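K.L.:
Here you go, this is start.txt (compact mmCIF, C-alpha atoms and all ligand atoms).
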```
# COMPACT_ATOMS: atom_id res chain seq x y z
CA MET N 1 -21.27 -33.99 -9.07
CA THR N 2 -17.71 -35.28 -9.32
CA ILE N 3 -15.11 -32.68 -8.49
CA LYS N 4 -12.06 -32.92 -10.76
CA ASN N 5 -10.93 -29.35 -11.28
CA ILE N 6 -10.62 -26.80 -8.51
CA THR N 7 -10.01 -23.07 -8.63
CA ILE N 8 -8.38 -21.35 -5.68
CA LEU N 9 -8.76 -17.58 -5.54
CA GLY N 10 -5.87 -15.93 -3.71
CA SER N 11 -2.34 -17.33 -3.62
CA GLY N 12 -1.28 -16.14 -0.15
CA ILE N 13 -0.28 -18.40 2.75
CA MET N 14 -3.61 -20.23 2.79
CA GLY N 15 -4.42 -20.13 -0.94
CA HIS N 16 -1.16 -21.64 -2.11
CA GLY N 17 -1.32 -24.29 0.62
CA ILE N 18 -4.88 -25.30 -0.31
CA ALA N 19 -3.82 -25.43 -3.96
CA GLN N 20 -0.92 -27.70 -3.06
CA VAL N 21 -2.89 -30.16 -0.90
CA SER N 22 -5.62 -30.32 -3.56
CA ALA N 23 -3.03 -31.08 -6.24
CA MET N 24 -1.47 -33.70 -3.95
CA ALA N 25 -4.87 -35.43 -3.82
CA GLY N 26 -4.98 -35.60 -7.63
CA TYR N 27 -7.12 -32.59 -8.48
CA LYS N 28 -6.24 -30.28 -11.35
CA VAL N 29 -5.85 -26.86 -9.79
CA PHE N 30 -6.12 -23.32 -11.12
CA LEU N 31 -4.44 -20.92 -8.70
CA ARG N 32 -5.58 -17.39 -9.34
CA ASP N 33 -4.26 -14.07 -8.10
CA ILE N 34 -4.45 -10.51 -9.35
CA GLU N 35 -0.76 -10.16 -10.23
CA GLN N 36 1.78 -12.58 -11.69
CA LYS N 37 4.37 -11.66 -9.04
CA PHE N 38 2.10 -13.05 -6.26
CA LEU N 39 1.69 -16.27 -8.22
CA ASP N 40 5.45 -16.58 -8.79
CA LYS N 41 6.05 -16.29 -5.04
CA ALA N 42 3.29 -18.81 -4.32
CA MET N 43 4.69 -21.35 -6.80
CA GLU N 44 8.14 -20.92 -5.24
CA LYS N 45 6.66 -21.71 -1.82
CA ILE N 46 4.82 -24.73 -3.22
CA ARG N 47 8.07 -26.05 -4.72
CA TRP N 48 9.85 -25.55 -1.34
CA SER N 49 7.10 -27.37 0.53
CA LEU N 50 6.94 -30.27 -1.94
CA GLN N 51 10.69 -30.67 -1.70
CA LYS N 52 10.48 -30.73 2.12
CA LEU N 53 7.81 -33.42 1.92
CA SER N 54 9.93 -35.43 -0.48
CA GLU N 55 13.00 -35.13 1.81
CA LYS N 56 10.81 -36.71 4.49
CA ASN N 57 9.67 -39.48 2.11
CA LYS N 58 6.07 -38.32 2.26
CA ILE N 59 6.10 -38.07 -1.55
CA THR N 60 8.58 -39.23 -4.21
CA SER N 61 10.76 -36.86 -6.21
CA ASP N 62 8.74 -37.72 -9.36
CA GLU N 63 5.59 -36.72 -7.51
CA VAL N 64 7.13 -33.33 -6.71
CA ASP N 65 7.07 -32.49 -10.44
CA THR N 66 3.72 -34.10 -11.19
CA ILE N 67 2.02 -32.24 -8.34
CA TYR N 68 3.74 -28.97 -9.14
CA ASN N 69 2.74 -29.26 -12.81
CA SER N 70 -0.90 -29.95 -11.99
CA ILE N 71 -1.21 -26.42 -10.60
CA THR N 72 -1.79 -23.72 -13.19
CA PRO N 73 -1.01 -20.22 -11.89
CA ILE N 74 -3.29 -17.79 -13.66
CA VAL N 75 -4.27 -14.11 -13.48
CA ASP N 76 -7.32 -14.05 -15.77
CA LEU N 77 -10.41 -14.79 -13.63
CA ARG N 78 -12.54 -16.04 -16.50
CA ALA N 79 -9.84 -18.45 -17.67
CA ALA N 80 -9.32 -19.60 -14.08
CA THR N 81 -12.99 -20.45 -13.61
CA ASN N 82 -14.39 -21.57 -16.96
CA ASN N 83 -13.50 -25.23 -16.54
CA THR N 84 -13.84 -25.73 -12.82
CA ASP N 85 -16.06 -27.80 -10.52
CA LEU N 86 -15.37 -26.00 -7.22
CA ILE N 87 -14.17 -22.51 -6.36
CA ILE N 88 -12.42 -21.92 -3.04
CA GLU N 89 -12.04 -18.26 -2.19
CA ALA N 90 -8.99 -17.48 -0.04
CA VAL N 91 -8.59 -13.73 -0.58
CA PRO N 92 -7.75 -11.42 2.36
CA GLU N 93 -10.27 -11.09 5.20
CA ASP N 94 -11.98 -7.94 4.06
CA PHE N 95 -15.74 -8.06 3.62
CA ARG N 96 -15.75 -5.41 0.83
CA LEU N 97 -12.98 -7.18 -1.07
CA LYS N 98 -14.85 -10.48 -0.84
CA GLU N 99 -18.01 -8.72 -2.03
CA LYS N 100 -16.15 -7.48 -5.10
CA VAL N 101 -14.81 -10.97 -5.84
CA TYR N 102 -18.27 -12.57 -5.51
CA ASP N 103 -19.80 -9.85 -7.73
CA GLU N 104 -17.32 -10.77 -10.46
CA LEU N 105 -17.90 -14.50 -9.97
CA ASN N 106 -21.70 -14.15 -10.02
CA GLU N 107 -21.40 -12.70 -13.53
CA ILE N 108 -19.23 -15.40 -15.05
CA VAL N 109 -19.63 -18.69 -13.16
CA ARG N 110 -22.43 -21.24 -13.72
CA ASN N 111 -24.97 -21.39 -10.87
CA ASP N 112 -24.40 -25.04 -10.05
CA ILE N 113 -20.72 -24.53 -9.20
CA ILE N 114 -20.08 -24.51 -5.45
CA PHE N 115 -18.43 -21.46 -3.92
CA ALA N 116 -16.52 -22.27 -0.73
CA SER N 117 -14.86 -19.63 1.38
CA ASN N 118 -11.75 -20.18 3.47
CA THR N 119 -12.73 -17.17 5.57
CA SER N 120 -11.25 -17.39 9.04
CA THR N 121 -13.98 -15.43 10.78
CA LEU N 122 -16.58 -13.83 8.46
CA PRO N 123 -20.09 -15.24 8.94
CA ILE N 124 -20.88 -17.74 6.21
CA THR N 125 -24.57 -16.80 5.99
CA GLU N 126 -23.63 -13.12 5.53
CA LEU N 127 -21.10 -13.99 2.82
CA SER N 128 -23.55 -16.33 1.08
CA LYS N 129 -25.88 -13.38 0.56
CA LEU N 130 -23.23 -11.73 -1.60
CA THR N 131 -23.60 -14.58 -4.06
CA ASN N 132 -26.36 -15.64 -6.41
CA ARG N 133 -26.20 -19.20 -4.95
CA PRO N 134 -26.53 -19.22 -1.12
CA GLN N 135 -27.61 -22.88 -1.32
CA ASN N 136 -24.32 -23.67 -3.08
CA PHE N 137 -22.18 -21.70 -0.65
CA ILE N 138 -20.22 -23.04 2.32
CA GLY N 139 -17.29 -22.28 4.64
CA VAL N 140 -14.26 -24.55 4.35
CA HIS N 141 -11.64 -23.34 6.79
CA PHE N 142 -8.09 -24.69 6.56
CA PHE N 143 -5.28 -24.12 9.06
CA ASN N 144 -1.81 -22.78 8.52
CA PRO N 145 0.21 -24.51 7.17
CA PRO N 146 -2.47 -26.35 5.17
CA GLN N 147 0.26 -28.76 4.03
CA LEU N 148 0.71 -30.05 7.59
CA MET N 149 -2.41 -29.23 9.59
CA LYS N 150 -4.99 -32.02 9.37
CA LEU N 151 -8.06 -30.06 10.43
CA VAL N 152 -10.60 -28.43 8.14
CA GLU N 153 -13.64 -26.75 9.70
CA ILE N 154 -16.77 -26.99 7.56
CA ILE N 155 -19.31 -24.27 8.20
CA PRO N 156 -22.72 -24.48 6.52
CA GLY N 157 -24.72 -21.25 6.24
CA THR N 158 -28.44 -21.21 7.02
CA GLN N 159 -29.31 -21.85 3.35
CA THR N 160 -26.54 -24.29 2.45
CA ASN N 161 -27.90 -27.40 0.72
CA PRO N 162 -27.09 -30.57 2.76
CA GLN N 163 -25.76 -32.14 -0.43
CA VAL N 164 -23.14 -29.38 -0.63
CA VAL N 165 -22.10 -30.15 2.96
CA GLU N 166 -21.68 -33.78 1.92
CA GLU N 167 -19.70 -32.95 -1.23
CA ILE N 168 -17.33 -30.64 0.63
CA THR N 169 -16.91 -33.17 3.43
CA ASN N 170 -15.93 -35.77 0.81
CA TYR N 171 -13.51 -33.32 -0.80
CA VAL N 172 -11.86 -32.69 2.59
CA ILE N 173 -11.62 -36.43 3.27
CA SER N 174 -10.08 -36.94 -0.19
CA LEU N 175 -7.26 -34.58 0.90
CA LYS N 176 -6.66 -36.97 3.84
CA LYS N 177 -7.75 -34.21 6.19
CA HIS N 178 -10.15 -34.39 9.09
CA PRO N 179 -13.40 -32.42 8.70
CA VAL N 180 -15.16 -31.01 11.76
CA ILE N 181 -18.58 -29.48 11.25
CA CYS N 182 -19.09 -26.17 13.01
CA LYS N 183 -22.78 -26.45 13.88
CA LYS N 184 -23.30 -22.74 14.39
CA ASP N 185 -21.96 -19.91 12.26
CA VAL N 186 -20.39 -18.11 15.25
CA SER N 187 -17.60 -15.53 15.31
CA GLY N 188 -14.26 -17.29 14.88
CA PHE N 189 -15.92 -20.68 14.35
CA ILE N 190 -14.13 -23.18 16.65
CA VAL N 191 -10.35 -22.78 16.56
CA ASN N 192 -10.09 -19.04 15.87
CA ARG N 193 -12.55 -18.38 18.69
CA ILE N 194 -9.80 -19.75 20.89
CA PHE N 195 -6.62 -18.73 19.04
CA ILE N 196 -7.29 -15.07 18.09
CA PRO N 197 -8.25 -13.85 21.62
CA LEU N 198 -5.06 -15.48 22.91
CA VAL N 199 -2.89 -13.09 20.90
CA HIS N 200 -4.55 -10.18 22.71
CA GLU N 201 -4.37 -11.96 26.06
CA ALA N 202 -0.65 -12.67 25.57
CA LEU N 203 -0.17 -8.91 24.99
CA PHE N 204 -2.17 -8.00 28.12
CA SER N 205 -0.06 -10.52 30.06
CA LEU N 206 3.05 -8.81 28.77
CA ASP N 207 1.82 -5.43 30.07
CA ARG N 208 0.64 -6.81 33.42
CA ASP N 209 3.39 -9.21 34.31
CA GLY N 210 6.52 -7.41 33.12
CA VAL N 211 8.15 -10.45 31.51
CA SER N 212 9.46 -10.74 27.96
CA MET N 213 7.63 -12.23 24.96
CA ASP N 214 9.95 -15.20 24.71
CA ILE N 215 9.33 -16.05 28.36
CA ILE N 216 5.56 -16.03 27.87
CA ASP N 217 5.95 -18.01 24.64
CA SER N 218 8.28 -20.52 26.29
CA ALA N 219 5.72 -21.07 29.06
CA VAL N 220 2.97 -21.58 26.47
CA LYS N 221 5.14 -24.06 24.61
CA PHE N 222 6.51 -26.02 27.54
CA LYS N 223 3.84 -25.67 30.23
CA LEU N 224 0.77 -25.74 27.98
CA ASP N 225 2.32 -28.09 25.44
CA PHE N 226 1.48 -25.87 22.46
CA PRO N 227 3.76 -26.48 19.43
CA MET N 228 4.49 -22.74 19.15
CA GLY N 229 4.33 -19.76 21.49
CA ILE N 230 1.40 -17.36 20.98
CA PHE N 231 3.52 -14.45 19.68
CA GLU N 232 5.44 -16.88 17.50
CA LEU N 233 2.20 -18.30 16.12
CA ALA N 234 0.79 -14.82 15.47
CA ASP N 235 3.93 -13.89 13.50
CA TYR N 236 3.70 -17.18 11.64
CA THR N 237 0.00 -16.68 10.85
CA GLY N 238 0.55 -13.02 9.87
CA LEU N 239 -0.45 -9.92 11.82
CA ASP N 240 -2.65 -8.87 8.89
CA VAL N 241 -4.68 -12.06 9.30
CA VAL N 242 -4.73 -11.70 13.09
CA TYR N 243 -5.75 -8.03 12.97
CA LYS N 244 -8.48 -8.52 10.38
CA ALA N 245 -9.83 -11.59 12.17
CA SER N 246 -9.82 -9.67 15.48
CA TYR N 247 -11.58 -6.69 13.92
CA GLU N 248 -14.30 -8.78 12.25
CA MET N 249 -14.85 -10.95 15.33
CA ASN N 250 -15.04 -7.97 17.64
CA LEU N 251 -17.40 -6.12 15.32
CA ARG N 252 -19.92 -8.94 15.47
CA ASP N 253 -19.46 -10.24 18.98
CA LYS N 254 -18.15 -8.01 21.75
CA LYS N 255 -17.76 -10.95 24.16
CA VAL N 256 -15.26 -12.90 22.10
CA LEU N 257 -12.14 -10.81 22.74
CA VAL N 258 -10.75 -7.62 24.21
CA MET N 259 -8.63 -5.84 21.61
CA HIS N 260 -5.08 -4.92 22.53
CA PRO N 261 -3.92 -1.85 20.49
CA LYS N 262 -0.54 -3.41 19.64
CA VAL N 263 -2.10 -5.74 17.06
CA LYS N 264 -3.46 -2.81 15.03
CA GLU N 265 -0.21 -0.89 15.52
CA LEU N 266 1.85 -3.72 14.01
CA TYR N 267 -0.67 -4.10 11.18
CA ASP N 268 -0.60 -0.35 10.43
CA ASN N 269 3.23 -0.39 10.39
CA ASN N 270 3.29 -3.35 7.99
CA GLN N 271 5.08 -5.42 10.63
CA LEU N 272 3.14 -8.50 9.69
CA GLY N 273 5.39 -11.18 11.17
CA GLN N 274 7.56 -13.71 9.38
CA LYS N 275 6.41 -12.64 5.90
CA THR N 276 7.73 -9.07 6.33
CA GLY N 277 10.77 -10.02 8.42
CA LYS N 278 9.38 -8.34 11.55
CA GLY N 279 6.31 -8.69 13.73
CA PHE N 280 6.54 -9.44 17.41
CA TYR N 281 9.96 -10.95 16.67
CA GLU N 282 12.51 -10.31 13.92
CA TYR N 283 13.33 -12.82 11.17
CA LYS N 284 16.15 -13.19 8.67
CA ASP N 285 13.82 -13.48 5.67
CA ASP N 286 10.35 -14.76 4.84
CA ASN N 287 11.30 -18.45 4.95
CA TYR N 288 10.09 -20.81 7.66
CA GLU N 289 11.97 -19.95 10.86
CA ARG N 290 11.40 -20.76 14.55
CA VAL N 291 11.83 -18.60 17.64
CA ASN N 292 14.26 -19.83 20.28
CA LEU N 293 11.99 -20.91 23.15
CA THR N 294 13.37 -22.93 26.05
CA GLN N 295 12.34 -24.98 29.05
CA GLU N 296 14.52 -22.73 31.28
CA LYS N 297 12.66 -19.59 30.22
CA SER N 298 9.32 -21.35 30.69
CA ALA N 299 10.08 -21.83 34.40
CA LEU N 300 9.87 -18.04 34.83
CA TYR N 301 6.18 -17.70 33.96
CA ASP N 302 2.83 -19.18 34.89
CA PRO N 303 0.47 -18.81 31.87
CA LEU N 304 -2.71 -18.98 33.97
CA SER N 305 -4.56 -16.11 32.30
CA ILE N 306 -3.70 -17.39 28.81
CA LEU N 307 -5.06 -20.82 29.64
CA GLY N 308 -8.03 -19.24 31.45
CA VAL N 309 -9.07 -17.20 28.39
CA ALA N 310 -8.65 -20.22 26.09
CA ALA N 311 -10.64 -22.48 28.43
CA ASN N 312 -13.36 -19.85 28.86
CA ASN N 313 -13.87 -19.58 25.09
CA ALA N 314 -13.73 -23.38 24.77
CA ALA N 315 -16.42 -23.66 27.45
CA TRP N 316 -18.53 -21.10 25.58
CA LEU N 317 -18.38 -23.25 22.43
CA ILE N 318 -19.60 -26.32 24.31
CA GLU N 319 -22.26 -24.43 26.24
CA ASN N 320 -23.62 -22.93 23.01
CA GLU N 321 -23.53 -26.29 21.19
CA VAL N 322 -21.26 -25.04 18.45
CA CYS N 323 -19.43 -28.35 18.70
CA THR N 324 -19.20 -31.37 20.95
CA LEU N 325 -16.39 -31.76 23.48
CA GLU N 326 -14.95 -34.49 21.28
CA ASP N 327 -14.94 -32.23 18.18
CA LEU N 328 -13.45 -29.38 20.21
CA ASN N 329 -10.57 -31.58 21.32
CA THR N 330 -10.03 -32.90 17.79
CA ALA N 331 -10.13 -29.37 16.36
CA LEU N 332 -7.54 -28.05 18.83
CA LYS N 333 -5.31 -31.07 18.33
CA LEU N 334 -5.41 -31.08 14.53
CA GLY N 335 -5.86 -27.32 13.93
CA MET N 336 -3.46 -25.88 16.51
CA GLY N 337 -1.31 -28.89 17.31
CA LEU N 338 -2.31 -29.03 21.01
CA LYS N 339 -0.83 -32.17 22.49
CA THR N 340 -2.97 -32.08 25.64
CA GLU N 341 -6.73 -31.52 25.74
CA ILE N 342 -7.61 -28.03 26.87
CA PHE N 343 -9.63 -29.00 29.96
CA GLU N 344 -6.92 -31.51 30.94
CA LEU N 345 -4.51 -28.56 30.93
CA VAL N 346 -6.88 -26.69 33.24
CA LYS N 347 -6.72 -29.65 35.64
CA THR N 348 -2.94 -29.83 35.39
CA LEU N 349 -2.48 -26.14 36.16
CA ASN N 350 -5.16 -26.51 38.86
CA THR N 351 -8.79 -25.63 38.11
CA SER N 352 -9.23 -23.49 41.23
CA LYS N 353 -6.14 -21.44 40.42
CA VAL N 354 -7.34 -20.85 36.84
CA ILE N 355 -10.81 -19.79 38.03
CA LYS N 356 -9.29 -17.59 40.75
CA ARG N 357 -7.04 -15.84 38.21
CA LEU N 358 -10.01 -15.22 35.90
CA SER N 359 -12.04 -13.81 38.81
CA GLU N 360 -9.19 -11.44 39.75
CA LEU N 361 -8.95 -10.24 36.16
CA GLU N 362 -12.72 -9.81 36.01
CA LYS N 363 -12.45 -7.40 38.96
CA GLU N 364 -9.53 -5.52 37.38
CA GLN N 365 -10.51 -5.57 33.71
CA GLY N 366 -14.20 -6.41 33.46
CA ASP N 367 -16.77 -8.98 32.40
CA PHE N 368 -14.77 -10.51 29.59
CA TYR N 369 -12.84 -12.55 32.15
CA HIS N 370 -15.92 -13.82 34.01
CA PRO N 371 -15.15 -17.53 34.55
CA ASN N 372 -17.58 -19.75 32.67
CA LYS N 373 -19.61 -22.03 34.99
CA TYR N 374 -18.52 -25.03 32.92
CA LEU N 375 -15.00 -24.68 34.34
CA GLU N 376 -16.28 -25.53 37.82
CA ASN N 377 -17.00 -29.10 36.64
CA ILE N 378 -13.39 -29.70 35.63
CA GLN N 379 -11.98 -31.65 38.52
N1 LIG H 1 5.39 -27.72 4.06
C1 LIG H 1 6.25 -28.74 4.30
N2 LIG H 1 7.05 -28.80 5.38
C2 LIG H 1 6.96 -27.78 6.27
C3 LIG H 1 6.08 -26.69 6.10
C4 LIG H 1 5.27 -26.69 4.94
N3 LIG H 1 4.42 -25.69 4.67
N4 LIG H 1 6.21 -25.85 7.15
C5 LIG H 1 7.14 -26.38 7.96
N5 LIG H 1 7.60 -27.53 7.42
C6 LIG H 1 8.64 -28.40 7.94
C7 LIG H 1 9.78 -27.64 8.62
O1 LIG H 1 10.64 -27.05 7.66
C8 LIG H 1 10.45 -28.72 9.41
O2 LIG H 1 11.33 -29.42 8.57
P1 LIG H 1 12.81 -29.87 9.10
O3 LIG H 1 12.51 -30.98 10.07
O4 LIG H 1 13.48 -30.35 7.86
O5 LIG H 1 13.45 -28.68 9.72
C9 LIG H 1 9.25 -29.65 9.78
O6 LIG H 1 8.13 -29.21 8.99
C10 LIG H 1 8.85 -29.61 11.22
O7 LIG H 1 8.85 -28.27 11.66
P2 LIG H 1 9.39 -27.86 13.09
O8 LIG H 1 10.68 -28.51 13.38
O9 LIG H 1 9.37 -26.37 13.18
O10 LIG H 1 8.43 -28.57 14.07
P3 LIG H 1 6.97 -28.68 14.55
O11 LIG H 1 6.91 -30.07 15.00
O12 LIG H 1 6.67 -27.60 15.54
O13 LIG H 1 5.94 -28.54 13.33
C11 LIG H 1 4.15 -27.01 12.81
C12 LIG H 1 5.65 -27.35 12.67
C13 LIG H 1 3.30 -28.12 12.19
C14 LIG H 1 3.92 -25.72 12.05
C15 LIG H 1 3.81 -26.91 14.34
O14 LIG H 1 4.69 -26.01 14.95
C16 LIG H 1 2.39 -26.43 14.62
O15 LIG H 1 1.45 -27.21 14.59
N6 LIG H 1 2.25 -25.13 14.92
C17 LIG H 1 0.95 -24.54 15.22
C18 LIG H 1 0.30 -24.13 13.96
C19 LIG H 1 -1.08 -23.60 14.17
O16 LIG H 1 -1.56 -23.44 15.28
N7 LIG H 1 -1.77 -23.30 13.06
C20 LIG H 1 -3.09 -22.75 13.11
C21 LIG H 1 -3.05 -21.26 13.21
S1 LIG H 1 -4.69 -20.57 13.14
C22 LIG H 1 -5.08 -20.64 11.52
O17 LIG H 1 -4.34 -21.02 10.67
C23 LIG H 1 -6.44 -20.18 11.16
C24 LIG H 1 -6.42 -18.91 10.40
O18 LIG H 1 -7.75 -18.64 9.99
C25 LIG H 1 -5.92 -17.73 11.20
```
Here is the file; what I need is its structure written in the form of structure tokens.
P.N.:
Amino acid sequence: MTIKNITILGSGIMGHGIAQVSAMAGYKVFLRDIEQKFLDKAMEKIRWSLQKLSEKNKITSDEVDTIYNSITPIVDLRAATNNTDLIIEAVPEDFRLKEKVYDELNEIVRNDIIFASNTSTLPITELSKLTNRPQNFIGVHFFNPPQLMKLVEIIPGTQTNPQVVEEITNYVISLKKHPVICKKDVSGFIVNRIFIPLVHEALFSLDRDGVSMDIIDSAVKFKLDFPMGIFELADYTGLDVVYKASYEMNLRDKKVLVMHPKVKELYDNNQLGQKTGKGFYEYKDDNYERVNLTQEKSALYDPLSILGVAANNAAWLIENEVCTLEDLNTALKLGMGLKTEIFELVKTLNTSKVIKRLSELEKEQGDFYHPNKYLENIQ
């Protein structure tokens, strides 16, 4: 089947970004949300992003209008889906909400249309069972901001037809993005299995080590070469996304992270990060804004436990054959902007020190920190 028209359900951070990159690749896009005000905000953000890309000569000013006009914001679900070839669901990470959306879709959408979910953590096989087409169901996980991040994880469920995997892979390539297949439908897939636990670990580090958030973030940025600090990235991603992802991951797999209560507290207080003006840090408004992190502050902290937790989860992915080492490195580079490969960082910070720190934390805080055997081979 040739995909020409695409419907994106949900116009939040991910939905509007996926709509934009699809339109940039020449698809006609229907962007659907439940209220016009969400769509207005999304279209405003799309216009801002297109203008940024045109300032940087990535697209021409004529293209700004053509791309913008090829996205139809729409509230009516039937109208948004009656002339589409692919539906990408990007509604909030709530299993019951997704169930409701798939119930509605099952009623009105032809069986041969592929449903793809941009879920960040929910198991694809479980979600596929909510639909009347598990063979035509697949995970297609973009990274924030979809306009800039090159990675897309593709997660087949146990019943997904191989032809659907091929069609979605071709769609991702047509966006000039890099697909990585997640071979097992595990909690957090590849990148979130590493990123989400780090938010909790950064909070535990804050409690243990008595330094400030911007010091920890500066160390992550300058010593681990991440493009953003962990608290900064959590605010940028949204504490709603981080909390829901943490909850769903923890529900299904107790080994993947230890929950720090602060994440739920921020979520409950609607301190969701940049989009609400306050999360870990405060922001002037909901526009793109960076936290002031510096080399000087980074000298005050050694992010051993943060790297240790990331490397432990990375080792778990390799050990369990969720992905190859090569795909892991590509995923972290293109999905989280890591400039240095994760196990190279372990070497740089000193493998023995990282393992020693994990062992100390295992004694203090339990099994979660048990250093993975794989780390011993990193010399
Ligand atoms: N569209 C177009 N331009 C954008 C943009 C967007 N959506 N967002 C930011 N920009 C622009 C900025 O405005 C800036 O423009 P300027 O030069 O005119 O000021 C330019 O991009 C570069 O931004 P920065 O100067 O802040 O520099 P960076 O080099 O750090 O790039 C970044 C920004 C690509 C966001 C980089 O910081 C990064 O890779 N951060 C990590 C992001 C990440 O890890 N994402 C994954 C999170 S996990 C996830 O999404 C999964 C989910 O399921 C939870």
K.L.:
Please identify all polymer residues lying at most 7 Å from the point (-19.5, -16.4, 16.4) (file coordinates), using only C-alpha atoms, and present the result as a list in words.
P.N.:
Asp185, Val186, Ser187, Gly188, Phe189 and Asp253 of chain N
K.L.:
Given the point (7.6, -17.7, 22.5) in the file's coordinates, find the residues that have an atom at most 10 Å from it, counting only C-alpha atoms, and give them as a CSV table (one decimal) with C-alpha atoms, in the coordinates of the input.
P.N.:
```
chain,number,residue,atom,x,y,z
N,212,SER,CA,9.5,-10.7,28.0
N,213,MET,CA,7.6,-12.2,25.0
N,214,ASP,CA,10.0,-15.2,24.7
N,215,ILE,CA,9.3,-16.0,28.4
N,216,ILE,CA,5.6,-16.0,27.9
N,217,ASP,CA,6.0,-18.0,24.6
N,218,SER,CA,8.3,-20.5,26.3
N,219,ALA,CA,5.7,-21.1,29.1
N,220,VAL,CA,3.0,-21.6,26.5
N,221,LYS,CA,5.1,-24.1,24.6
N,222,PHE,CA,6.5,-26.0,27.5
N,228,MET,CA,4.5,-22.7,19.2
N,229,GLY,CA,4.3,-19.8,21.5
N,230,ILE,CA,1.4,-17.4,21.0
N,231,PHE,CA,3.5,-14.4,19.7
N,232,GLU,CA,5.4,-16.9,17.5
N,233,LEU,CA,2.2,-18.3,16.1
N,280,PHE,CA,6.5,-9.4,17.4
N,281,TYR,CA,10.0,-11.0,16.7
N,290,ARG,CA,11.4,-20.8,14.6
N,291,VAL,CA,11.8,-18.6,17.6
N,292,ASN,CA,14.3,-19.8,20.3
N,293,LEU,CA,12.0,-20.9,23.2
N,294,THR,CA,13.4,-22.9,26.0
N,297,LYS,CA,12.7,-19.6,30.2
N,298,SER,CA,9.3,-21.4,30.7
```
K.L.:
Which one of N:Thr158, N:Thr7, N:Ile59, N:Asp225 sits closest to Ala116 of chain N if you count all atoms listed in the file?
P.N.:
N:Thr7
K.L.:
Would you list the contacts of segment 122-133 of chain N as a list in words, taking every protein, DNA or RNA residue within 8 Å and counting all atoms listed in the file, but skipping same-chain residues closer than 4 positions in sequence?
P.N.:
Glu93, Phe95, Glu99, Tyr102, Asp103, Asn106, Asn111, Asp112, Ser117, Phe137, Ile138, Gly139, Ile155, Pro156, Gly157, Thr158, Gln159, Asp185, Val186, Ser187, Gly188, Glu248 and Met249 of chain N
K.L.:
Which residues form the shell of 7 Å around ligand LIG 1 (chain H) when you count all atoms listed in the file, given as a list in words?
P.N.:
Ser49, Leu50, Lys52, Leu53, Thr119, Ser120, His141, Phe142, Phe143, Asn144, Pro145, Pro146, Gln147, Leu148, Met149, Val191, Asn192, Phe195, Pro227, Met228, Leu233, Thr237, Val241, Val242, Tyr288, Arg290, Gly335, Met336 and Gly337 of chain N
K.L.:
Please list as a ChimeraX atom specification every residue within 10 Å of Asp367 of chain N, counting all atoms listed in the file and excluding residues in the same chain fewer than 6 positions away.
P.N.:
/N:255,358-359,361
K.L.:
Can you spit out the residues from that selection as a short mmCIF file (atom, residue, chain, number, x, y, z; two decimals), in the coordinates of the input, using C-alpha atoms?
P.N.:
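Dumped to again.cif:
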```
data_model
loop_
_atom_site.label_atom_id
_atom_site.label_comp_id
_atom_site.auth_asym_id
_atom_site.auth_seq_id
_atom_site.Cartn_x
_atom_site.Cartn_y
_atom_site.Cartn_z
CA LYS N 255 -17.76 -10.95 24.16
CA LEU N 358 -10.01 -15.22 35.90
CA SER N 359 -12.04 -13.81 38.81
CA LEU N 361 -8.95 -10.24 36.16
#
```
K.L.:
For each of N:Glu63, N:Glu364, N:Asp235, N:Glu341, take the minimum atom-to-atom distance to Glu282 of chain N, counting all atoms listed in the file, then give the residue where this is smallest.
P.N.:
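Checking each of N:Glu63, N:Glu364, N:Asp235, N:Glu341 against Glu282 of chain N, counting all atoms listed in the file, the winner is N:Asp235.
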K.L.:
Which distance in Å separates atom CA of Leu203 of chain N and atom CA of Tyr301 of chain N, to one decimal?
P.N.:
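Taking atom CA of Leu203 of chain N and atom CA of Tyr301 of chain N, their separation equals 14.1 Å.
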K.L.:
Using all atoms listed in the file, which of N:Ser70, N:Ile194, N:Ala79, N:Asn287 sits nearest Glu44 of chain N?
P.N.:
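Residue with the minimum atom-to-atom distance to Glu44 of chain N: N:Asn287.
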K.L.:
Calculated over only C-alpha atoms, which of the candidates N:Asn69, N:Gln365, N:Ser246, N:Asn118 has the smallest distance to Glu89 of chain N?
P.N.:
N:Asn118
K.L.:
Which residue is closest to Thr351 of chain N? Choose from N:Asn372, N:Gln379, N:Leu338, N:Val21 and count only C-alpha atoms.
P.N.:
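Smallest separation from Thr351 of chain N among the options: N:Gln379.
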K.L.:
My list of candidates is N:Glu289, N:Asp240, N:Glu107, N:Glu153. Which is closest to Val180 of chain N when distances are computed with all atoms listed in the file?
P.N.:
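Smallest distance to Val180 of chain N is found for N:Glu153.
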K.L.:
Can you list, as number ranges by chain, every protein, DNA or RNA residue that comes within 12 Å of Gln163 of chain N when you count all atoms listed in the file, leaving out same-chain residues fewer than 2 positions away?
P.N.:
N: 1, 114, 135-138, 156, 159-161, 165-170
K.L.:
By how many Å are atom CA of Phe343 of chain N and atom CA of Ile355 of chain N apart?
P.N.:
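Straight-line distance from atom CA of Phe343 of chain N to atom CA of Ile355 of chain N works out to 12.3 Å.
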